[in-house]
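One structure below.
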Amino acid sequence: MSRPVALTRMGLLAERATRAFWPLWSVLFVILTPLMFGFQDRMSLEVFWGLSLIAALAVGAALVRGLRMFRWPSKDEALARVDAALPGRPISAVRDAQAIGASDPASAAVWQAHQARMRVATQSARAVQPDLRVSDRDPYGLRFMALLMFVVALLFGSVLRVGSVAQIAQNGGGAALATGPVWEGWITPPAYTGKPVLYLNDIAPGAVQVPLGSDITLRLYGEVGALSVTQTVSGDAAVPPVTDPQQSFSVAQAGQITIDGPNGAVWDVGILADAAPYVTLTAPIESDAMGELNQAFAASDDYGVESGTATFALDLSAVDRSYGLTVDPDSIDPVVLDLPMPFSGDRSDFDEFLIDNLSQHELANLPVTLTLSVTDAAGQTASTPAEPMTLPGRRFFQPVAKAIVEQRRDLMWSRANARRIVQVLRAISYEPDTLFTNQATYLRLRFIIKRLDQFDRDGITDENEAEIVQALWDLAVQLEDGTLADARERLARAQERLEEAMRNGASEAEIAELMQELRDATQDYMQMLADQMEPGDGTDEPQSAENSTQMSQDELQALMDRIEELMQEGRMAEAQALMEQLNSLLENMRITQGEGSGDGPQTPGQQSMQDLADTLRDQQDLSDDAFRDMQNQGQQGQQPGQEQGEGQQGQAPGQGQQPGADGSGEQPGQEQGQGDGEGQNDGQGSGAGENEGQSLAQRQQALRDELNRQRGALPGLPGDAGDQARRSLDSAEGAMDGAEQALRDGDMAQAIDRQADAMDALRDGMRAIGEALAQNESQEPGQGNATGDQTGQAQPGRRDPLGRQLGSTGQYGTEENLLQGEDTYRRAEELLEELRRRSAEQERPQVERDYLDRLLDRF
């Protein structure tokens, strides 16, 4: 029994010590934590001694409490705990004596048997574990908080720092080291520089360069007066005593820092120059028909740009002082906009775009000067030279709306124009039946005229001017949009409901209902666009406008069908992207309708460019069909003898569905049953492929003949560009001839390569024709002005239905770089990875893998 009793006694000792002294070690942990972090070195002597007294009292109170509660455990207490842990308390039974019946032999025998059993039971005695829990005495877990603080101090502090307490007590003053007078120093550059803190002890005496505004901190250890500091970098007369144990100052000028005494040093401090920021315009200002401006700019600074502004000021000398602008203007304050800054990342060198809409400002569509200014953290500023430009504003195409906006501009220019504006507006509304589409807009204008007339008699205030200016703007917008406003509102509501369905995951029935609502609203909107188109002077223009509208409706229908398909497949992100394209398409159609297309009949050069563009598009479609046919042939060649439907068994070679009957170039239903034999299947695929190849060859021949006709109809194209155009078209015709022969021979891979050469030659030819027409523009009769609209070149006003600038090189869509930045490389890498993956699939037909390998070799 000695071992379990001894262990149990030790457990009792630990249990009673824990319960009695847990406040003591908690207080000690709390006291040691700041000492290990060196807080005492940064305290004044008074604060240090005050806190030391509080700590001593806390330790004494905890120690007295522990001593009063603690009792040393005895052996009997340990034995009793072991006995209590055993069933029946056998140790007590063994130690007991028989109280009665000791003289009775039978009773004595029973007692002896009982004690024998109890002795056997004591052999299973084990040490009892102590109960070290004190949660009932520390319900808030203060002991754990103290332990956590001590562990953090062990990780990030140092036990050696506790030794400085003895030095403080010994010297009775500031902190001192046993080795004698020493010093420490730090140079902290301004936060905006991003530079690290420098430890002055590691910097050799001599010249040192620091940014302006750096903070310098020096600490002197040892006997007061043994070390002293003198400096001329702060430029401040109110400096602390040179023997002060701790000194801090900021660098305001170049100068010298000297530490006199043992191990002293001298530094010649120079100012690290902070370069001024830089800002520049990187592109001309751009705008759309709604007046939204887009100005690209770039800014840089050695430590980063903090803020910037763009100022648009009236350029009075460039204003055409006619009509309402002949009078001197009222005070017109410049427009000041905050420049956009990167939300995250480095501001030391960045490119951004200033985007805003100032259509309703009084400077809109007037000559202004633009000045960009940026400021860095040091307060230095830089500005761009004043750039003359016309401040973009919304364009109005309806005549009455344009006139009203012009009078609105004159009123904001000067209130002295009020009488003239009233007269002009009355003249505009003289015959309302011919100028206004409805009575409401006419009555609204008459009300504005009366209000302005009354204000002019009584004296126009700022509130009166703001009221008339806003009313004129609203009326001009209503006249410009006309009856399209209601239709566009219904269209916008339908689009919003559909976008909400995309976000919430609508069912197929709900998607079908919302798509039908969108189709109806789009149809109404398109019809109103067509009704409001005004015929021009050319006799062919109404038919051209009608064709353009019909083409746009087809594109819209296909686009909405694709949106519905993507939504039903659950591909909401792609559907949302197509919805944005639909919005852009409808908006740019409205702008195109307002601008009109009255450019007159096409010149021979324009007609040639249009014909070649059509030929290029047809050649691209033919190449796509040839590639699909090549894929179908490869799939049929890899699956001979597969089963087909019951009704197709026993077909002879060549029977079945005709090539391309489903409109996709594929040939379903051509596989034969196993009973037909492998040879029958191969014969059928061969016959179908031959028929398809002959059909494609005939289409290629027709394209070649059409290109030959267009070559003969080319206008005179002198110069190197004309020669290059003719050579390119000759090369295109030769490539088409080679593609035709390859199609007749059934060599689809060779045909596709030759078709690609033909398309490249066509693009080169169209580019050369455009250059030749541009060079010959001033010499050809009937070319008109030099705006570029008769040369076949891209024009600012010519845009596709999505609002992109039309190209002049035969490329589909636009010549603009639609992908910017990292997206270009990411998309190219994705395409290359897909080509590599497909070319590595051995189950694909050999002819298709050869084609993919040629694509990889080329790109």
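A note on labels: chains of the structure tokens are A, B, ... as shown, every chain counts residues from 1, and ligands are counted from 1 in their shown order.
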All residues 9 Å or closer to stretch 133-135 of chain A, only C-alpha atoms, same chain fewer than 4 positions away omitted, as a PyMOL selection string
chain A and resi 15+18-19+22+139-141
Include N, CA, C and O atoms and write out the residues we just selected as a PDB file, in the first residue's frame.
```
ATOM      1  N   GLU A  15      -2.935  19.420  -5.493  1.00  0.00           N
ATOM      2  CA  GLU A  15      -4.308  19.936  -5.499  1.00  0.00           C
ATOM      3  C   GLU A  15      -4.456  21.118  -4.560  1.00  0.00           C
ATOM      4  O   GLU A  15      -5.039  22.155  -4.916  1.00  0.00           O
ATOM      5  N   THR A  18      -2.448  24.194  -5.824  1.00  0.00           N
ATOM      6  CA  THR A  18      -3.108  24.871  -6.944  1.00  0.00           C
ATOM      7  C   THR A  18      -4.256  25.741  -6.456  1.00  0.00           C
ATOM      8  O   THR A  18      -4.409  26.900  -6.873  1.00  0.00           O
ATOM      9  N   ARG A  19      -5.072  25.200  -5.568  1.00  0.00           N
ATOM     10  CA  ARG A  19      -6.226  25.952  -5.093  1.00  0.00           C
ATOM     11  C   ARG A  19      -5.815  27.122  -4.204  1.00  0.00           C
ATOM     12  O   ARG A  19      -6.530  28.138  -4.142  1.00  0.00           O
ATOM     13  N   TRP A  22      -3.139  29.704  -6.984  1.00  0.00           N
ATOM     14  CA  TRP A  22      -3.366  30.117  -8.377  1.00  0.00           C
ATOM     15  C   TRP A  22      -3.446  31.641  -8.521  1.00  0.00           C
ATOM     16  O   TRP A  22      -3.010  32.176  -9.550  1.00  0.00           O
ATOM     17  N   PRO A 139     -14.348  31.724 -11.874  1.00  0.00           N
ATOM     18  CA  PRO A 139     -15.373  31.529 -12.920  1.00  0.00           C
ATOM     19  C   PRO A 139     -15.086  32.308 -14.199  1.00  0.00           C
ATOM     20  O   PRO A 139     -15.599  31.963 -15.262  1.00  0.00           O
ATOM     21  N   TYR A 140     -14.294  33.375 -14.156  1.00  0.00           N
ATOM     22  CA  TYR A 140     -14.020  34.202 -15.340  1.00  0.00           C
ATOM     23  C   TYR A 140     -12.738  33.798 -16.066  1.00  0.00           C
ATOM     24  O   TYR A 140     -12.363  34.429 -17.050  1.00  0.00           O
ATOM     25  N   GLY A 141     -12.046  32.794 -15.627  1.00  0.00           N
ATOM     26  CA  GLY A 141     -10.846  32.324 -16.308  1.00  0.00           C
ATOM     27  C   GLY A 141      -9.701  33.308 -16.273  1.00  0.00           C
ATOM     28  O   GLY A 141      -8.928  33.402 -17.238  1.00  0.00           O
TER      29      GLY A 141
END
```
Who sits within 12 Å of A:Asp328, only C-alpha atoms, same chain under 4 positions skipped, as number ranges by chain
A: 316-317, 319, 321-324, 332, 410, 412-417
Measuring atom to atom with only C-alpha atoms, identify which of A:Gly66, A:Asp288, A:Ala298, A:Ile421 is nearest to A:Pro342.
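Looking at the shortest contact to A:Pro342, the residue is A:Ala298.
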Calculated over only C-alpha atoms, which of the candidates A:Met560, A:Val120, A:Ala6, A:Ile91 has the smallest distance to A:Leu578?
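Of A:Met560, A:Val120, A:Ala6, A:Ile91, the one nearest A:Leu578, counting only C-alpha atoms, is A:Met560.
With atom CA of A:Thr230 on one side and atom CA of A:Thr243 on the other, the separation reads 9.4 Å.
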Which neighbours of stretch 257-272 of chain A fall inside 9 Å, counting only C-alpha atoms, when residues of the same chain fewer than 6 positions from it are skipped, and could you give them as a PyMOL selection string?
chain A and resi 180-183+204-212+225-233+251
Kindly export the residues of the current selection with N, CA, C and O atoms, as a short mmCIF file (atom, residue, chain, number, x, y, z; two decimals), in the first residue's frame.
```
data_model
loop_
_atom_site.label_atom_id
_atom_site.label_comp_id
_atom_site.auth_asym_id
_atom_site.auth_seq_id
_atom_site.Cartn_x
_atom_site.Cartn_y
_atom_site.Cartn_z
N GLY A 180 28.12 50.58 -18.94
CA GLY A 180 28.46 51.99 -18.93
C GLY A 180 27.58 52.79 -19.87
O GLY A 180 26.60 52.29 -20.41
N PRO A 181 27.89 54.06 -20.14
CA PRO A 181 27.05 54.93 -20.97
C PRO A 181 27.01 54.43 -22.43
O PRO A 181 28.05 54.25 -23.06
N VAL A 182 25.80 54.17 -22.93
CA VAL A 182 25.59 53.78 -24.33
C VAL A 182 24.38 54.52 -24.85
O VAL A 182 23.64 55.18 -24.09
N TRP A 183 24.14 54.41 -26.16
CA TRP A 183 23.01 55.10 -26.79
C TRP A 183 22.41 54.21 -27.87
O TRP A 183 23.04 53.28 -28.37
N ALA A 204 27.14 53.74 -40.15
CA ALA A 204 28.46 54.28 -39.83
C ALA A 204 28.40 55.81 -39.81
O ALA A 204 27.69 56.43 -40.61
N PRO A 205 29.12 56.45 -38.90
CA PRO A 205 29.16 57.92 -38.88
C PRO A 205 29.62 58.46 -40.23
O PRO A 205 30.47 57.88 -40.89
N GLY A 206 29.05 59.56 -40.60
CA GLY A 206 29.37 60.16 -41.89
C GLY A 206 28.10 60.68 -42.54
O GLY A 206 27.14 61.08 -41.88
N ALA A 207 28.09 60.65 -43.86
CA ALA A 207 26.94 61.18 -44.60
C ALA A 207 25.82 60.15 -44.62
O ALA A 207 26.04 58.95 -44.78
N VAL A 208 24.60 60.62 -44.47
CA VAL A 208 23.40 59.78 -44.53
C VAL A 208 22.27 60.59 -45.17
O VAL A 208 22.12 61.78 -44.90
N GLN A 209 21.52 59.93 -46.06
CA GLN A 209 20.43 60.60 -46.76
C GLN A 209 19.10 60.07 -46.21
O GLN A 209 18.89 58.85 -46.14
N VAL A 210 18.22 60.97 -45.83
CA VAL A 210 16.91 60.57 -45.30
C VAL A 210 15.84 61.43 -45.97
O VAL A 210 16.10 62.58 -46.38
N PRO A 211 14.61 60.92 -46.10
CA PRO A 211 13.53 61.73 -46.67
C PRO A 211 13.16 62.87 -45.74
O PRO A 211 13.30 62.79 -44.51
N LEU A 212 12.67 63.93 -46.34
CA LEU A 212 12.22 65.08 -45.56
C LEU A 212 11.04 64.66 -44.68
O LEU A 212 10.13 63.98 -45.13
N GLY A 225 24.15 62.89 -18.07
CA GLY A 225 25.19 63.85 -18.40
C GLY A 225 26.41 63.23 -19.03
O GLY A 225 27.26 63.94 -19.58
N ALA A 226 26.50 61.88 -18.98
CA ALA A 226 27.66 61.24 -19.61
C ALA A 226 27.59 61.35 -21.12
O ALA A 226 28.63 61.40 -21.79
N LEU A 227 26.39 61.37 -21.68
CA LEU A 227 26.18 61.53 -23.11
C LEU A 227 25.29 62.73 -23.36
O LEU A 227 24.39 63.04 -22.56
N SER A 228 25.51 63.42 -24.49
CA SER A 228 24.69 64.58 -24.86
C SER A 228 24.50 64.58 -26.38
O SER A 228 25.29 63.99 -27.13
N VAL A 229 23.42 65.21 -26.82
CA VAL A 229 23.05 65.25 -28.24
C VAL A 229 22.90 66.68 -28.68
O VAL A 229 22.24 67.50 -28.02
N THR A 230 23.52 66.99 -29.83
CA THR A 230 23.32 68.29 -30.49
C THR A 230 22.95 68.02 -31.95
O THR A 230 23.49 67.11 -32.57
N GLN A 231 22.01 68.80 -32.45
CA GLN A 231 21.55 68.59 -33.83
C GLN A 231 21.08 69.90 -34.42
O GLN A 231 20.63 70.81 -33.70
N THR A 232 21.19 69.98 -35.75
CA THR A 232 20.74 71.19 -36.48
C THR A 232 19.76 70.82 -37.60
O THR A 232 19.52 71.63 -38.49
N VAL A 233 19.22 69.60 -37.55
CA VAL A 233 18.35 69.17 -38.65
C VAL A 233 16.89 69.54 -38.43
O VAL A 233 16.11 69.60 -39.38
N VAL A 251 13.24 65.69 -39.18
CA VAL A 251 14.20 66.28 -40.10
C VAL A 251 13.47 67.29 -40.98
O VAL A 251 12.61 66.92 -41.79
#
```
Might you pull out every residue within 12 Å of A:Ala713, with only C-alpha atoms counted and same-chain residues fewer than 5 positions away left off, and present them as number ranges by chain?
A: 604-609, 611-612, 706-708, 726
Hey, what does DSSP flag as helix (DSSP H, G or I) within stretch 87-153 of chain A? Can you give it to me as a ChimeraX atom specification?
/A:90-95,105-122,142-153
Taking N, CA, C and O atoms for each residue, export the selection above as a short mmCIF file (atom, residue, chain, number, x, y, z; two decimals), in the first residue's frame.
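Output file out_30.cif is given in full below:
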```cif
data_model
loop_
_atom_site.label_atom_id
_atom_site.label_comp_id
_atom_site.auth_asym_id
_atom_site.auth_seq_id
_atom_site.Cartn_x
_atom_site.Cartn_y
_atom_site.Cartn_z
N PRO A 90 -12.18 -1.27 2.07
CA PRO A 90 -11.52 -2.43 2.71
C PRO A 90 -10.40 -2.06 3.66
O PRO A 90 -10.11 -2.79 4.63
N ILE A 91 -9.71 -0.92 3.42
CA ILE A 91 -8.60 -0.55 4.31
C ILE A 91 -9.12 -0.25 5.69
O ILE A 91 -8.53 -0.69 6.72
N SER A 92 -10.22 0.43 5.81
CA SER A 92 -10.81 0.70 7.12
C SER A 92 -11.26 -0.59 7.79
O SER A 92 -11.13 -0.77 9.02
N ALA A 93 -11.79 -1.53 6.99
CA ALA A 93 -12.24 -2.80 7.56
C ALA A 93 -11.07 -3.59 8.12
O ALA A 93 -11.18 -4.24 9.18
N VAL A 94 -9.93 -3.58 7.44
CA VAL A 94 -8.76 -4.31 7.93
C VAL A 94 -8.25 -3.71 9.23
O VAL A 94 -7.80 -4.42 10.15
N ARG A 95 -8.31 -2.41 9.37
CA ARG A 95 -7.78 -1.73 10.54
C ARG A 95 -8.75 -1.75 11.72
O ARG A 95 -8.40 -1.37 12.82
N PRO A 105 -16.44 -18.29 19.59
CA PRO A 105 -15.58 -18.83 18.51
C PRO A 105 -16.20 -18.69 17.13
O PRO A 105 -15.52 -18.37 16.17
N ALA A 106 -17.46 -18.90 17.06
CA ALA A 106 -18.12 -18.80 15.72
C ALA A 106 -18.08 -17.38 15.21
O ALA A 106 -17.79 -17.09 14.04
N SER A 107 -18.39 -16.41 16.10
CA SER A 107 -18.37 -15.00 15.69
C SER A 107 -16.95 -14.57 15.32
O SER A 107 -16.73 -13.82 14.36
N ALA A 108 -15.96 -15.04 16.09
CA ALA A 108 -14.57 -14.69 15.78
C ALA A 108 -14.14 -15.26 14.44
O ALA A 108 -13.40 -14.63 13.66
N ALA A 109 -14.61 -16.45 14.13
CA ALA A 109 -14.26 -17.05 12.83
C ALA A 109 -14.85 -16.24 11.68
O ALA A 109 -14.21 -16.02 10.64
N VAL A 110 -16.09 -15.80 11.86
CA VAL A 110 -16.72 -14.95 10.79
C VAL A 110 -15.93 -13.66 10.61
O VAL A 110 -15.69 -13.19 9.49
N TRP A 111 -15.55 -13.06 11.74
CA TRP A 111 -14.79 -11.78 11.65
C TRP A 111 -13.46 -11.99 10.96
O TRP A 111 -13.04 -11.17 10.12
N GLN A 112 -12.78 -13.06 11.25
CA GLN A 112 -11.50 -13.33 10.59
C GLN A 112 -11.67 -13.57 9.09
O GLN A 112 -10.86 -13.13 8.27
N ALA A 113 -12.75 -14.26 8.72
CA ALA A 113 -13.01 -14.48 7.28
C ALA A 113 -13.30 -13.15 6.57
O ALA A 113 -12.84 -12.90 5.42
N HIS A 114 -14.04 -12.28 7.28
CA HIS A 114 -14.34 -10.96 6.69
C HIS A 114 -13.05 -10.15 6.47
O HIS A 114 -12.83 -9.55 5.40
N GLN A 115 -12.17 -10.12 7.45
CA GLN A 115 -10.92 -9.37 7.31
C GLN A 115 -10.03 -9.96 6.22
O GLN A 115 -9.31 -9.25 5.53
N ALA A 116 -10.08 -11.29 6.08
CA ALA A 116 -9.27 -11.91 5.02
C ALA A 116 -9.74 -11.44 3.63
O ALA A 116 -8.93 -11.14 2.75
N ARG A 117 -11.05 -11.38 3.48
CA ARG A 117 -11.58 -10.89 2.18
C ARG A 117 -11.20 -9.42 1.98
O ARG A 117 -10.88 -9.00 0.87
N MET A 118 -11.22 -8.61 3.00
CA MET A 118 -10.88 -7.19 2.88
C MET A 118 -9.40 -7.01 2.53
O MET A 118 -9.03 -6.09 1.79
N ARG A 119 -8.52 -7.91 3.11
CA ARG A 119 -7.10 -7.82 2.76
C ARG A 119 -6.89 -8.11 1.27
O ARG A 119 -6.05 -7.47 0.62
N VAL A 120 -7.64 -9.08 0.78
CA VAL A 120 -7.54 -9.37 -0.66
C VAL A 120 -8.00 -8.15 -1.49
O VAL A 120 -7.42 -7.80 -2.52
N ALA A 121 -9.04 -7.48 -1.03
CA ALA A 121 -9.57 -6.30 -1.76
C ALA A 121 -8.58 -5.14 -1.78
O ALA A 121 -8.52 -4.35 -2.73
N THR A 122 -7.77 -5.02 -0.70
CA THR A 122 -6.81 -3.91 -0.67
C THR A 122 -5.69 -4.08 -1.70
O THR A 122 -4.99 -3.11 -2.01
N LEU A 142 -9.54 34.04 -15.16
CA LEU A 142 -8.45 35.02 -15.07
C LEU A 142 -7.09 34.35 -15.15
O LEU A 142 -6.13 34.92 -15.69
N ARG A 143 -6.98 33.13 -14.64
CA ARG A 143 -5.69 32.44 -14.67
C ARG A 143 -5.26 32.14 -16.11
O ARG A 143 -4.07 32.20 -16.45
N PHE A 144 -6.24 31.82 -16.98
CA PHE A 144 -5.89 31.54 -18.38
C PHE A 144 -5.48 32.82 -19.10
O PHE A 144 -4.62 32.80 -19.98
N MET A 145 -6.12 33.92 -18.79
CA MET A 145 -5.71 35.20 -19.40
C MET A 145 -4.27 35.54 -19.04
O MET A 145 -3.48 35.96 -19.90
N ALA A 146 -3.94 35.36 -17.77
CA ALA A 146 -2.58 35.66 -17.35
C ALA A 146 -1.58 34.73 -18.03
O ALA A 146 -0.49 35.15 -18.46
N LEU A 147 -1.95 33.43 -18.15
CA LEU A 147 -1.06 32.48 -18.80
C LEU A 147 -0.86 32.83 -20.27
O LEU A 147 0.25 32.74 -20.81
N LEU A 148 -1.92 33.27 -20.95
CA LEU A 148 -1.81 33.66 -22.36
C LEU A 148 -0.87 34.85 -22.53
O LEU A 148 -0.03 34.88 -23.44
N MET A 149 -0.99 35.83 -21.66
CA MET A 149 -0.09 36.99 -21.73
C MET A 149 1.36 36.56 -21.55
O MET A 149 2.26 37.04 -22.26
N PHE A 150 1.61 35.64 -20.64
CA PHE A 150 2.98 35.19 -20.38
C PHE A 150 3.54 34.42 -21.59
O PHE A 150 4.71 34.59 -21.94
N VAL A 151 2.71 33.60 -22.22
CA VAL A 151 3.16 32.85 -23.40
C VAL A 151 3.49 33.80 -24.55
O VAL A 151 4.51 33.63 -25.25
N VAL A 152 2.68 34.82 -24.75
CA VAL A 152 2.96 35.82 -25.80
C VAL A 152 4.28 36.53 -25.51
O VAL A 152 5.08 36.79 -26.41
N ALA A 153 4.52 36.85 -24.24
CA ALA A 153 5.78 37.51 -23.87
C ALA A 153 6.97 36.60 -24.13
O ALA A 153 8.04 37.05 -24.55
#
```
Applying 10 Å and only C-alpha atoms, which residues near A:Ser623 remain after dropping the ones on its own chain fewer than 4 positions away? List them as a compact mmCIF listing (two decimals) with all heavy atoms, in the first residue's frame.
```
# COMPACT_ATOMS: atom_id res chain seq x y z
N ARG A 617 -17.05 37.29 -96.89
CA ARG A 617 -17.96 36.63 -95.96
C ARG A 617 -18.44 35.28 -96.51
O ARG A 617 -18.51 34.27 -95.80
CB ARG A 617 -19.17 37.53 -95.68
CG ARG A 617 -20.15 36.95 -94.67
CD ARG A 617 -21.22 37.95 -94.27
NE ARG A 617 -21.98 38.42 -95.41
CZ ARG A 617 -21.87 39.63 -95.98
NH1 ARG A 617 -21.01 40.50 -95.49
NH2 ARG A 617 -22.61 39.97 -97.01
N ASP A 618 -18.76 35.24 -97.81
CA ASP A 618 -19.19 33.97 -98.42
C ASP A 618 -18.05 32.95 -98.40
O ASP A 618 -18.29 31.75 -98.21
CB ASP A 618 -19.65 34.22 -99.86
CG ASP A 618 -20.92 35.08 -99.91
OD1 ASP A 618 -21.61 35.14 -98.87
OD2 ASP A 618 -21.18 35.69 -100.95
N GLN A 619 -16.82 33.40 -98.62
CA GLN A 619 -15.68 32.48 -98.59
C GLN A 619 -15.48 31.90 -97.19
O GLN A 619 -15.16 30.73 -97.02
CB GLN A 619 -14.41 33.21 -99.05
CG GLN A 619 -13.17 32.32 -99.08
CD GLN A 619 -13.28 31.20 -100.10
OE1 GLN A 619 -13.18 31.41 -101.29
NE2 GLN A 619 -13.50 29.99 -99.62
N PHE A 627 -14.93 22.52 -93.39
CA PHE A 627 -14.34 21.95 -92.17
C PHE A 627 -15.33 21.00 -91.49
O PHE A 627 -14.95 19.93 -91.01
CB PHE A 627 -13.95 23.08 -91.22
CG PHE A 627 -13.33 22.59 -89.95
CD1 PHE A 627 -12.06 22.03 -89.94
CD2 PHE A 627 -14.02 22.69 -88.75
CE1 PHE A 627 -11.49 21.57 -88.77
CE2 PHE A 627 -13.46 22.23 -87.58
CZ PHE A 627 -12.18 21.67 -87.60
N ARG A 628 -16.62 21.37 -91.44
CA ARG A 628 -17.60 20.48 -90.84
C ARG A 628 -17.71 19.18 -91.64
O ARG A 628 -17.85 18.09 -91.07
CB ARG A 628 -18.96 21.18 -90.76
CG ARG A 628 -19.09 22.17 -89.63
CD ARG A 628 -20.52 22.57 -89.41
NE ARG A 628 -21.06 23.33 -90.54
CZ ARG A 628 -21.04 24.65 -90.63
NH1 ARG A 628 -20.51 25.35 -89.65
NH2 ARG A 628 -21.54 25.27 -91.67
N ASP A 629 -17.65 19.27 -92.97
CA ASP A 629 -17.72 18.06 -93.80
C ASP A 629 -16.50 17.18 -93.54
O ASP A 629 -16.60 15.95 -93.52
CB ASP A 629 -17.79 18.46 -95.28
CG ASP A 629 -18.03 17.26 -96.17
OD1 ASP A 629 -19.12 16.66 -96.08
OD2 ASP A 629 -17.11 16.91 -96.94
N LEU A 696 -19.64 21.64 -102.72
CA LEU A 696 -18.75 22.69 -102.24
C LEU A 696 -17.87 23.23 -103.36
O LEU A 696 -17.58 24.44 -103.42
CB LEU A 696 -17.88 22.16 -101.10
CG LEU A 696 -18.62 21.73 -99.82
CD1 LEU A 696 -17.63 21.14 -98.82
CD2 LEU A 696 -19.33 22.92 -99.19
N GLN A 700 -17.46 27.04 -104.64
CA GLN A 700 -16.16 27.68 -104.77
C GLN A 700 -15.96 28.26 -106.16
O GLN A 700 -15.42 29.35 -106.33
CB GLN A 700 -15.06 26.68 -104.43
CG GLN A 700 -13.66 27.28 -104.38
CD GLN A 700 -13.50 28.26 -103.25
OE1 GLN A 700 -13.43 27.88 -102.09
NE2 GLN A 700 -13.45 29.55 -103.56
N ALA A 739 -8.41 25.74 -104.25
CA ALA A 739 -9.38 25.18 -103.31
C ALA A 739 -10.46 24.41 -104.05
O ALA A 739 -10.92 23.35 -103.61
CB ALA A 739 -9.99 26.30 -102.47
N MET A 748 -10.09 17.61 -98.35
CA MET A 748 -10.66 18.72 -97.59
C MET A 748 -9.59 19.54 -96.87
O MET A 748 -9.69 20.76 -96.77
CB MET A 748 -11.67 18.17 -96.57
CG MET A 748 -12.92 17.59 -97.19
SD MET A 748 -13.83 18.86 -98.12
CE MET A 748 -15.17 17.88 -98.78
N ALA A 751 -8.06 21.84 -99.28
CA ALA A 751 -9.03 22.86 -99.67
C ALA A 751 -9.13 23.95 -98.60
O ALA A 751 -9.20 25.15 -98.92
CB ALA A 751 -10.39 22.21 -99.92
N ILE A 752 -9.15 23.55 -97.33
CA ILE A 752 -9.27 24.54 -96.25
C ILE A 752 -8.04 25.44 -96.21
O ILE A 752 -8.14 26.65 -96.01
CB ILE A 752 -9.48 23.81 -94.92
CG1 ILE A 752 -10.86 23.14 -94.91
CG2 ILE A 752 -9.35 24.77 -93.74
CD1 ILE A 752 -11.10 22.28 -93.70
N ASP A 753 -6.87 24.87 -96.41
CA ASP A 753 -5.66 25.69 -96.44
C ASP A 753 -5.70 26.71 -97.57
O ASP A 753 -5.35 27.88 -97.39
CB ASP A 753 -4.44 24.79 -96.59
CG ASP A 753 -4.14 24.02 -95.32
OD1 ASP A 753 -4.65 24.44 -94.25
OD2 ASP A 753 -3.41 23.02 -95.37
N ARG A 754 -6.12 26.27 -98.75
CA ARG A 754 -6.18 27.19 -99.89
C ARG A 754 -7.26 28.26 -99.68
O ARG A 754 -7.10 29.42 -100.10
CB ARG A 754 -6.47 26.40 -101.18
CG ARG A 754 -5.40 25.38 -101.52
CD ARG A 754 -4.05 26.06 -101.78
NE ARG A 754 -4.07 26.87 -102.98
CZ ARG A 754 -3.24 27.86 -103.26
NH1 ARG A 754 -2.30 28.19 -102.36
NH2 ARG A 754 -3.32 28.53 -104.38
N GLN A 755 -8.36 27.89 -99.03
CA GLN A 755 -9.40 28.88 -98.73
C GLN A 755 -8.89 29.92 -97.74
O GLN A 755 -9.21 31.11 -97.85
CB GLN A 755 -10.63 28.17 -98.18
CG GLN A 755 -11.41 27.39 -99.24
CD GLN A 755 -12.46 26.50 -98.63
OE1 GLN A 755 -12.46 26.24 -97.43
NE2 GLN A 755 -13.37 26.01 -99.46
N ALA A 756 -8.09 29.49 -96.78
CA ALA A 756 -7.50 30.45 -95.84
C ALA A 756 -6.56 31.42 -96.57
O ALA A 756 -6.55 32.62 -96.29
CB ALA A 756 -6.75 29.70 -94.74
N MET A 759 -8.73 34.00 -98.30
CA MET A 759 -9.27 35.04 -97.42
C MET A 759 -8.19 36.03 -97.01
O MET A 759 -8.45 37.24 -96.93
CB MET A 759 -9.89 34.37 -96.19
CG MET A 759 -11.20 33.65 -96.49
SD MET A 759 -12.03 33.01 -95.02
CE MET A 759 -10.94 31.64 -94.60
```
Shell around stretch 312-315 of chain A at 12 Å using only C-alpha atoms, local window under 2 positions removed, as number ranges by chain
A: 309-310, 317-321, 329-338, 358, 361-373, 386-392, 413
List as JSON, numbers by chain the protein and nucleic acid residues near stretch 437-445 of chain A, meaning an atom at most 9 Å away when only C-alpha atoms are counted, but skip any in the same chain fewer than 4 places from it.
{"A": [425, 426, 429, 432, 433, 449, 450, 471, 472, 475, 478, 479, 482, 483]}
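When atom CA of A:Gly38 is paired with atom CA of A:Leu63, their separation reads 25.6 Å.
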Which distance in Å separates atom CA of A:Thr384 and atom CA of A:Leu293, to one decimal?
18.5 Å
When distances are computed from only C-alpha atoms, which of A:Leu773, A:Pro87, A:Leu703, A:Thr33 shows the smallest separation from A:Asp621?
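Checking each of A:Leu773, A:Pro87, A:Leu703, A:Thr33 against A:Asp621, counting only C-alpha atoms, the winner is A:Leu703.
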